[in-house]
Amino acid sequence: MTGRLRARVAAALSIAAVGGNPAAAAERIAYGPAPSQFGELWLPAANGPAPVVILVHGGCWQAAYGLDLMNPLAQDLSGQGVAVWNIEYRRLGEPGGGYPGTFLDVGEAVDALRRLTQRPRLDLARLVAIGHSAGGHLALWAAARHRLPQDSPLFMREPLPFGGVVTLAGIDDLATYRANGPACGGAATIDGLTGARARAPADPLIDTSPAALLPIGKRQIIVSGTEDGIVPARFGRGYAALATAAGDRAEVIEAPGADHFALIDPASSAWATLRPKILEMLRR
């Protein structure tokens with residue numbers, strides 16, 4: 001997949017271009033017993049309750065790629081006075097990855113914010129999720145959990161609500177990407193993620209695809225790069241059209257000249273456009 005995810009996004013953008021290990025600025029906190037059930041909490045310098053961003057990394061839902069991909073954004077946002085919860089989760093290729101484990105982990109990681117000892121420093125009334133690529137799918141899904149049918153194995157009572165969601169080259173409509181997506185292993189990967197074989201003849205997308213859970217009832221910003229060959233901009237436009245038709249507020253942003261990875265590069269012109277929009281979402 002794209003030069004091992006473009007050399008793991010140029011070693012997390014040369015360790016956030018500041019030297020040293022960016023994870024040293026964050027506290028790793030387990031939300032479950034499995035090795036991949038943890039998040040890294042970045043707290044801003046100010047002591048008062050801070051708005052919170054949940055980051056969900058991509059990598060085609062595969063175990064080879066982890067939350068370090070989002071460290072540059074975590075560092076950038078924490079420097080803007082935002083608390084950042086960068087989450088890890090079980091992925092395809094490791095025990096418990098796929099259906100239902102990947103989805104349950106994301107939900108548990110989100111809800112864990114309520115019980116962190118750092119909770120007094122977190123303003124959960126100002127909460128936004130940001131996901132990249134496969135993480136965009138999971139961020140949207142997490143925001144839509146209140147729409148899950150009660151008989152779904154993924155159903156959780158009183159999921160933590162979001163103020164909004166930003167998907168960066170997100171795979172937001174699994175059915176469309178399964179049929180026409182140019183990367184991520186195509187139908188086989190999505191069928192593995194959603195447990196399609198074991199769940200047949202039931203529709204495996206009914207509780208796993210954000211497009212199937214519309215309307216979400218949350219503000220959504222759908223971001224694509226015009227030069228993205230992994231999740232081309234047409235997929236963002238297509239999902240946004242479905243969300244808008246369902247009554248959701250879905251804003252489309254297409255970053256000129258940006259490829260798949262520019263959207264998670266704090267030094268890119270795309271991020272310079274997105275940062276103020278994200279900060280504005282957190283003020284509400």
# chains A, B, ... in the order shown; residues from 1 in each chain; ligands from 1
call {"tool": "closest_atom_pairs", "arguments": {"of": "stretch 147-237 of chain A", "to": "stretch 50-60 of chain A", "cutoff": "12 Å", "atoms": "only C-alpha atoms", "output": "JSON lines"}}
result
{"residue": "A:Leu160", "atom": "CA", "partner": "A:Ile54", "partner_atom": "CA", "distance": 11.6}
{"residue": "A:Pro161", "atom": "CA", "partner": "A:Ile54", "partner_atom": "CA", "distance": 11.8}
{"residue": "A:Phe162", "atom": "CA", "partner": "A:Val53", "partner_atom": "CA", "distance": 9.6}
{"residue": "A:Gly163", "atom": "CA", "partner": "A:Val53", "partner_atom": "CA", "distance": 10.1}
{"residue": "A:Gly164", "atom": "CA", "partner": "A:Val53", "partner_atom": "CA", "distance": 9.9}
{"residue": "A:Val165", "atom": "CA", "partner": "A:Ile54", "partner_atom": "CA", "distance": 9.4}
{"residue": "A:Val166", "atom": "CA", "partner": "A:Leu55", "partner_atom": "CA", "distance": 9.7}
{"residue": "A:Thr167", "atom": "CA", "partner": "A:Val56", "partner_atom": "CA", "distance": 9.6}
{"residue": "A:Leu168", "atom": "CA", "partner": "A:Gly58", "partner_atom": "CA", "distance": 9.7}
{"residue": "A:Ala169", "atom": "CA", "partner": "A:Gly58", "partner_atom": "CA", "distance": 9.6}
{"residue": "A:Gly170", "atom": "CA", "partner": "A:Gly58", "partner_atom": "CA", "distance": 8.6}
{"residue": "A:Ile171", "atom": "CA", "partner": "A:Cys60", "partner_atom": "CA", "distance": 9.2}
{"residue": "A:Leu174", "atom": "CA", "partner": "A:Cys60", "partner_atom": "CA", "distance": 11.9}
{"residue": "A:Tyr177", "atom": "CA", "partner": "A:Cys60", "partner_atom": "CA", "distance": 11.7}
{"residue": "A:Gly181", "atom": "CA", "partner": "A:Cys60", "partner_atom": "CA", "distance": 11.5}
{"residue": "A:Pro182", "atom": "CA", "partner": "A:Cys60", "partner_atom": "CA", "distance": 11.8}
{"residue": "A:Ala183", "atom": "CA", "partner": "A:Cys60", "partner_atom": "CA", "distance": 8.4}
{"residue": "A:Cys184", "atom": "CA", "partner": "A:Cys60", "partner_atom": "CA", "distance": 5.2}
{"residue": "A:Gly185", "atom": "CA", "partner": "A:Cys60", "partner_atom": "CA", "distance": 8.0}
{"residue": "A:Gly186", "atom": "CA", "partner": "A:Cys60", "partner_atom": "CA", "distance": 9.8}
{"residue": "A:Ala187", "atom": "CA", "partner": "A:Cys60", "partner_atom": "CA", "distance": 11.8}
{"residue": "A:Ala188", "atom": "CA", "partner": "A:Cys60", "partner_atom": "CA", "distance": 11.5}
{"residue": "A:Thr189", "atom": "CA", "partner": "A:Cys60", "partner_atom": "CA", "distance": 7.9}
{"residue": "A:Ile190", "atom": "CA", "partner": "A:Cys60", "partner_atom": "CA", "distance": 9.0}
{"residue": "A:Gly192", "atom": "CA", "partner": "A:Cys60", "partner_atom": "CA", "distance": 11.2}
{"residue": "A:Leu193", "atom": "CA", "partner": "A:Cys60", "partner_atom": "CA", "distance": 9.6}
{"residue": "A:Ile230", "atom": "CA", "partner": "A:Cys60", "partner_atom": "CA", "distance": 10.1}
{"residue": "A:Val231", "atom": "CA", "partner": "A:Cys60", "partner_atom": "CA", "distance": 10.8}
call {"tool": "select_by_dssp", "arguments": {"residues": "stretch 50-93 of chain A", "states": "strand (DSSP E)", "output": "PyMOL selection string"}}
result
chain A and resi 50-56+83-87
call {"tool": "select_by_dssp", "arguments": {"residues": "stretch 15-261 of chain A", "states": "alpha helix (DSSP H)", "output": "JSON, numbers by chain"}}
result
{"A": [15, 16, 71, 72, 73, 74, 75, 76, 77, 78, 101, 102, 103, 104, 105, 106, 107, 108, 109, 110, 111, 134, 135, 136, 137, 138, 139, 140, 141, 142, 143, 174, 175, 176, 177, 178, 179, 180, 186, 187, 188, 189, 190, 191, 192, 193, 194, 196, 197, 198, 199, 233, 234, 235, 236, 237, 238, 239, 240, 241, 242, 243, 244, 245]}
call {"tool": "residues_around", "arguments": {"residues": "stretch 275-282 of chain A", "least_positions_apart": "2", "cutoff": "7 Å", "atoms": "only C-alpha atoms", "output": "number ranges by chain"}}
result
A: 51, 126-128, 271-273, 284
call {"tool": "closest_residue", "arguments": {"among": "A:Ser224, A:Asn47, A:Asn86, A:Ser36", "to": "A:Pro120", "atoms": "only C-alpha atoms"}}
result
A:Asn47
call {"tool": "atom_distance", "arguments": {"atom1": "atom CA of A:Arg283", "atom2": "atom CA of A:Gly66"}}
result
29.1 Å
call {"tool": "atom_distance", "arguments": {"atom1": "atom CA of A:Leu43", "atom2": "atom CA of A:Asp111"}}
result
17.7 Å
call {"tool": "residues_around", "arguments": {"residues": "A:Arg121", "least_positions_apart": "2", "cutoff": "6 Å", "atoms": "only C-alpha atoms", "output": "MDAnalysis selection string"}}
result
chainID A and resid 48:49 118:119
